[in-house]
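Asks: Would you mind keeping the following structure in view while I ask a few things?
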Amino acid sequence: MEDLGWWGVALAVLAGAIRVSTPFLFVSLGELLTEKSGRINLGLEGTLVMGAMSAYAVSYMTGSPWAGVLVAGLAGALFGLLHAAICSLPRVNDIAVGIALMLLGTGLAFFLGKPFIQPQAPILPAIDLGWWSDLPQVRSALQINVLFILGLVLAPFLLWVLTNTRWGLIVRTVGDSADAARAMGYPVDLVRLAATMAGGFLAGIGGSFLSLYYPGSWNEGLSSGQGLMAVALVIFARWHPIRCLGAALLFGGAGALGPALQSVGVTQGYYLFNAAPYLLTLAIMIATCSPTRTLAGAPGELSITK
């Protein structure tokens, strides 16, 4: 294999941005949709892990990875339904419920997924967009999964839905002022339930990518906190779908930085580079935290006890 030197680092980061960003993209778009309705769901880490486990299990038992993707989405929607149903009760806090469901989802996935750690399930196919190159590094970097392309299309589509459709207007109205939405005759709890279920469906699909494509296996430490980092990513993106796409690519590239540098012999500070996504998350939270101003684009009903 030809040594590309530092060009290889850039190529590896690009490939990592494409591969690693896909779960971030789906989970962040799901969380954005949920938060646009005025509800925050911190349980998406559990949904992500449950989606990864159910996708792998169904793919192994049926031989169809796409059946696994569908079931992962349905599992995520079920967790979203549970979250929305509990949060619609009086004097229930979204954040506390989200943390409880995160623990439930991860624990349930670990329990149900133990028989599927060793078997090899069929994984999702990739599209070879690097056929034109003779360099194996380029061809490997441009192995694009269909779910990534679907995420690329989904981001502008979600922006269009939120800004140009009646359903998007209702979601934004409910998220900005529940009282105003009720006065206009909109069913607030029903809208939030639908948005939370749709957000959970997308997060479940993000989990299926982890187990069925990259890294393409099922084990208990698969998600590495990506569901929680996606919440910070939504804040970084200021609740805008296209910015979510850019932020997901940024987080994906940051996740690939450590292995890329190691491939050219840079081993000093290896673990620090591997922690780049977590450091980036912490930096974002610090940079966006202010007691004197509100975040631009933040739904008005967000994080209020309902």
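Residues are referred to by chain and number: the chain letter is A, B, ... according to the order shown in the structure tokens, the number counts from 1 in that chain, and ligands are numbered separately from 1 in the order shown.
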With range 125-138 of chain A as the partner and 12 Å as the cut-off, tabulate the residues of range 41-95 of chain A that qualify, each row holding the nearest pair of atoms and their distance in Å to one decimal, using only C-alpha atoms, sorted by chain and rising number, as CSV.

Replies:
residue,atom,partner,partner_atom,distance
A:Ser64,CA,A:Pro125,CA,11.0
A:Pro65,CA,A:Pro125,CA,8.9
A:Trp66,CA,A:Pro125,CA,9.9

Asks: List as a ChimeraX atom specification the protein and nucleic acid residues near Gly105 in chain A, meaning an atom at most 9 Å away when only C-alpha atoms are counted, but skip any in the same chain fewer than 5 places from it.

Replies: /A:43-50,79,100,110

Asks: Could you pull out all residues of range 15-209 of chain A with a DSSP call of alpha helix (DSSP H) and give them as a PyMOL selection string?

Replies: chain A and resi 15-36+44-62+65-87+94-113+136-141+146-164+166-176+178-183+188-209

Asks: Which residue gives the smallest distance to Phe116 in chain A among A:Ile40, A:Leu280, A:Tyr56, A:Leu101, with only C-alpha atoms counted?

Replies: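 Closest to Phe116 in chain A of all the choices is A:Tyr56.
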